[in-house]
$ cat data-v5.cif   # mmCIF, C-alpha atoms
data_my_file
#
loop_
_atom_site.group_PDB
_atom_site.id
_atom_site.type_symbol
_atom_site.label_atom_id
_atom_site.label_comp_id
_atom_site.auth_asym_id
_atom_site.auth_seq_id
_atom_site.Cartn_x
_atom_site.Cartn_y
_atom_site.Cartn_z
ATOM 1 C CA MET A 634 -4.319 4.053 -5.050
ATOM 2 C CA SER A 635 -1.677 5.094 -7.509
ATOM 3 C CA ASP A 636 1.878 4.274 -8.557
ATOM 4 C CA THR A 637 2.910 7.926 -8.325
ATOM 5 C CA ALA A 638 2.443 10.588 -5.672
ATOM 6 C CA PRO A 639 0.388 13.684 -6.549
ATOM 7 C CA GLU A 640 2.296 16.827 -7.538
ATOM 8 C CA THR A 641 0.846 18.757 -4.596
ATOM 9 C CA PRO A 642 -0.299 16.970 -1.418
ATOM 10 C CA THR A 643 -3.889 17.655 -0.392
ATOM 11 C CA GLU A 644 -5.321 18.068 3.091
ATOM 12 C CA LEU A 645 -6.586 14.920 4.791
ATOM 13 C CA ASP A 646 -10.397 14.795 5.026
ATOM 14 C CA GLY A 647 -11.367 14.746 8.712
ATOM 15 C CA GLN A 648 -13.965 12.055 8.003
ATOM 16 C CA PHE A 649 -11.172 9.691 6.893
ATOM 17 C CA SER A 650 -8.418 10.583 9.374
ATOM 18 C CA ALA A 651 -8.644 7.607 11.769
ATOM 19 C CA GLY A 652 -5.569 6.064 10.152
ATOM 20 C CA THR A 653 -4.649 2.467 9.378
ATOM 21 C CA GLN A 654 -2.774 -0.050 11.524
ATOM 22 C CA VAL A 655 -0.255 -2.604 10.248
ATOM 23 C CA GLY A 656 -1.448 -6.199 10.446
ATOM 24 C CA LYS A 657 -5.118 -5.324 10.890
ATOM 25 C CA ARG A 658 -7.824 -6.565 8.539
ATOM 26 C CA TYR A 659 -10.388 -4.045 7.307
ATOM 27 C CA VAL A 660 -13.852 -4.994 5.985
ATOM 28 C CA ASN A 661 -16.806 -3.207 4.457
ATOM 29 C CA SER A 662 -20.234 -3.289 6.108
ATOM 30 C CA ASP A 663 -21.530 -6.399 4.292
ATOM 31 C CA GLY A 664 -18.237 -8.313 4.548
ATOM 32 C CA SER A 665 -17.789 -8.705 0.796
ATOM 33 C CA VAL A 666 -14.371 -6.965 0.806
ATOM 34 C CA GLU A 667 -11.543 -7.664 3.245
ATOM 35 C CA LEU A 668 -8.132 -5.943 3.123
ATOM 36 C CA LEU A 669 -4.978 -6.622 5.120
ATOM 37 C CA CYS A 670 -3.039 -3.453 5.956
ATOM 38 C CA VAL A 671 0.690 -3.845 5.240
ATOM 39 C CA LYS A 672 1.704 -0.205 5.730
ATOM 40 C CA ALA A 673 0.398 2.196 8.375
ATOM 41 C CA GLY A 674 -0.851 5.613 7.406
ATOM 42 C CA LYS A 675 -2.737 8.692 8.565
ATOM 43 C CA GLY A 676 -5.704 8.169 6.242
ATOM 44 C CA SER A 677 -8.498 5.608 6.566
ATOM 45 C CA LEU A 678 -9.395 3.022 3.938
ATOM 46 C CA SER A 679 -12.728 3.522 2.194
ATOM 47 C CA ILE A 680 -14.795 2.259 -0.723
ATOM 48 C CA ALA A 681 -17.131 4.657 -2.538
ATOM 49 C CA GLY A 682 -16.839 7.173 0.311
ATOM 50 C CA VAL A 683 -17.697 4.663 3.064
ATOM 51 C CA ALA A 684 -14.920 3.987 5.573
ATOM 52 C CA LEU A 685 -13.876 0.378 6.187
ATOM 53 C CA GLN A 686 -13.957 -0.986 9.736
ATOM 54 C CA ILE A 687 -11.366 -3.113 11.564
ATOM 55 C CA LYS A 688 -12.423 -6.755 11.481
ATOM 56 C CA ASP A 689 -13.014 -8.249 14.918
ATOM 57 C CA SER A 690 -10.786 -11.167 15.808
ATOM 58 C CA LYS A 691 -12.313 -14.496 16.717
ATOM 59 C CA PRO A 692 -11.563 -15.742 20.239
ATOM 60 C CA LEU A 693 -9.443 -18.877 20.374
ATOM 61 C CA PRO A 694 -11.064 -21.971 21.864
ATOM 62 C CA SER A 695 -9.891 -22.892 25.319
ATOM 63 C CA SER A 696 -7.661 -25.923 25.641
ATOM 64 C CA ASP A 697 -8.868 -27.257 28.971
#
$ encode --input "data-v5.cif" --output "structure tokens"
Amino acid sequence: MSDTAPETPTELDGQFSAGTQVGKRYVNSDGSVELLCVKAGKGSLSIAGVALQIKDSKPLPSSD
């Protein structure tokens, strides 16, 4: 991440082209990092070349 845009845009790597969704939480495989996406984009989030996955939501308990 950077404060400034690159001088020349580069092509999006196909491995990281799944995109990001606003309001979704993304986690790494061991759950030690969790990010909340506040702006959608074409690229996927990754750490050290490993793409982050969307965190599953917990089902709400029934109120019978």
$ atom_distance --input "data-v5.cif" --atom1 "atom CA of Lys688 of chain A" --atom2 "atom CA of Val666 of chain A"
10.9 Å
$ resolve_selection --input "data-v5.cif" --expression "the PyMOL selection byres ((chain A and resi 649-653) around 6)" --output "PyMOL selection string"
chain A and resi 646-648+654+673-677
$ closest_residue --input "data-v5.cif" --among "A:Ser690, A:Glu640, A:Gly656, A:Val683" --to "Leu668 of chain A" --atoms "all atoms listed in the file"
A:Gly656
$ resolve_selection --input "data-v5.cif" --expression "the PyMOL selection byres ((chain A and resi 660) around 10)" --output "mmCIF file with C-alpha atoms, keeping the file's coordinate frame"
data_model
loop_
_atom_site.group_PDB
_atom_site.id
_atom_site.type_symbol
_atom_site.label_atom_id
_atom_site.label_comp_id
_atom_site.auth_asym_id
_atom_site.auth_seq_id
_atom_site.Cartn_x
_atom_site.Cartn_y
_atom_site.Cartn_z
ATOM 1 C CA ARG A 658 -7.824 -6.565 8.539
ATOM 2 C CA TYR A 659 -10.388 -4.045 7.307
ATOM 3 C CA ASN A 661 -16.806 -3.207 4.457
ATOM 4 C CA SER A 662 -20.234 -3.289 6.108
ATOM 5 C CA ASP A 663 -21.530 -6.399 4.292
ATOM 6 C CA GLY A 664 -18.237 -8.313 4.548
ATOM 7 C CA SER A 665 -17.789 -8.705 0.796
ATOM 8 C CA VAL A 666 -14.371 -6.965 0.806
ATOM 9 C CA GLU A 667 -11.543 -7.664 3.245
ATOM 10 C CA LEU A 668 -8.132 -5.943 3.123
ATOM 11 C CA LEU A 669 -4.978 -6.622 5.120
ATOM 12 C CA LEU A 678 -9.395 3.022 3.938
ATOM 13 C CA SER A 679 -12.728 3.522 2.194
ATOM 14 C CA ILE A 680 -14.795 2.259 -0.723
ATOM 15 C CA ALA A 684 -14.920 3.987 5.573
ATOM 16 C CA LEU A 685 -13.876 0.378 6.187
ATOM 17 C CA GLN A 686 -13.957 -0.986 9.736
ATOM 18 C CA ILE A 687 -11.366 -3.113 11.564
ATOM 19 C CA LYS A 688 -12.423 -6.755 11.481
ATOM 20 C CA ASP A 689 -13.014 -8.249 14.918
#
$ atom_distance --input "data-v5.cif" --atom1 "atom CA of Val671 of chain A" --atom2 "atom CA of Pro694 of chain A"
27.3 Å
$ build_atoms --input "data-v5.cif" --residues "segment 648-669 of chain A" --atoms "N, CA, C and O atoms" --output "CSV table (one decimal), in the coordinates of the input"
chain,number,residue,atom,x,y,z
A,648,GLN,N,-13.1,13.2,7.9
A,648,GLN,CA,-14.0,12.1,8.0
A,648,GLN,C,-13.2,10.8,7.8
A,648,GLN,O,-13.6,9.7,8.3
A,649,PHE,N,-12.0,10.9,7.2
A,649,PHE,CA,-11.2,9.7,6.9
A,649,PHE,C,-9.8,9.8,7.5
A,649,PHE,O,-8.8,9.5,6.9
A,650,SER,N,-9.7,10.3,8.7
A,650,SER,CA,-8.4,10.6,9.4
A,650,SER,C,-8.1,9.7,10.6
A,650,SER,O,-7.3,10.0,11.4
A,651,ALA,N,-8.9,8.5,10.6
A,651,ALA,CA,-8.6,7.6,11.8
A,651,ALA,C,-7.4,6.8,11.6
A,651,ALA,O,-6.8,6.3,12.6
A,652,GLY,N,-6.8,6.8,10.4
A,652,GLY,CA,-5.6,6.1,10.2
A,652,GLY,C,-5.7,4.6,9.9
A,652,GLY,O,-6.8,4.0,10.1
A,653,THR,N,-4.7,3.9,9.6
A,653,THR,CA,-4.6,2.5,9.4
A,653,THR,C,-3.5,1.9,10.2
A,653,THR,O,-2.5,2.5,10.5
A,654,GLN,N,-3.7,0.6,10.7
A,654,GLN,CA,-2.8,0.0,11.5
A,654,GLN,C,-2.2,-1.3,10.8
A,654,GLN,O,-3.0,-2.1,10.2
A,655,VAL,N,-0.9,-1.5,10.9
A,655,VAL,CA,-0.3,-2.6,10.2
A,655,VAL,C,-0.8,-3.9,10.9
A,655,VAL,O,-0.9,-4.0,12.1
A,656,GLY,N,-1.0,-4.9,10.0
A,656,GLY,CA,-1.4,-6.2,10.4
A,656,GLY,C,-2.9,-6.3,10.7
A,656,GLY,O,-3.4,-7.4,11.1
A,657,LYS,N,-3.7,-5.3,10.6
A,657,LYS,CA,-5.1,-5.3,10.9
A,657,LYS,C,-5.9,-5.6,9.6
A,657,LYS,O,-5.4,-5.2,8.5
A,658,ARG,N,-7.0,-6.3,9.7
A,658,ARG,CA,-7.8,-6.6,8.5
A,658,ARG,C,-9.0,-5.6,8.6
A,658,ARG,O,-9.6,-5.3,9.6
A,659,TYR,N,-9.3,-5.0,7.4
A,659,TYR,CA,-10.4,-4.0,7.3
A,659,TYR,C,-11.5,-4.6,6.4
A,659,TYR,O,-11.1,-5.2,5.4
A,660,VAL,N,-12.7,-4.5,6.8
A,660,VAL,CA,-13.9,-5.0,6.0
A,660,VAL,C,-14.9,-3.9,5.8
A,660,VAL,O,-15.0,-3.0,6.5
A,661,ASN,N,-15.7,-4.1,4.7
A,661,ASN,CA,-16.8,-3.2,4.5
A,661,ASN,C,-18.0,-3.7,5.3
A,661,ASN,O,-18.0,-4.8,5.9
A,662,SER,N,-19.1,-3.0,5.2
A,662,SER,CA,-20.2,-3.3,6.1
A,662,SER,C,-20.9,-4.6,5.8
A,662,SER,O,-21.3,-5.3,6.8
A,663,ASP,N,-20.9,-5.1,4.6
A,663,ASP,CA,-21.5,-6.4,4.3
A,663,ASP,C,-20.5,-7.6,4.2
A,663,ASP,O,-20.9,-8.7,4.0
A,664,GLY,N,-19.3,-7.3,4.5
A,664,GLY,CA,-18.2,-8.3,4.5
A,664,GLY,C,-17.8,-8.9,3.2
A,664,GLY,O,-17.1,-9.9,3.2
A,665,SER,N,-18.1,-8.2,2.1
A,665,SER,CA,-17.8,-8.7,0.8
A,665,SER,C,-16.4,-8.3,0.4
A,665,SER,O,-15.8,-9.0,-0.5
A,666,VAL,N,-15.7,-7.4,1.1
A,666,VAL,CA,-14.4,-7.0,0.8
A,666,VAL,C,-13.6,-7.0,2.1
A,666,VAL,O,-14.0,-6.5,3.1
A,667,GLU,N,-12.4,-7.6,2.1
A,667,GLU,CA,-11.5,-7.7,3.2
A,667,GLU,C,-10.1,-7.3,2.8
A,667,GLU,O,-9.6,-7.9,1.8
A,668,LEU,N,-9.5,-6.4,3.5
A,668,LEU,CA,-8.1,-5.9,3.1
A,668,LEU,C,-7.2,-6.1,4.3
A,668,LEU,O,-7.6,-5.8,5.5
A,669,LEU,N,-6.0,-6.5,4.1
A,669,LEU,CA,-5.0,-6.6,5.1
A,669,LEU,C,-4.0,-5.4,5.0
A,669,LEU,O,-3.5,-5.2,3.9
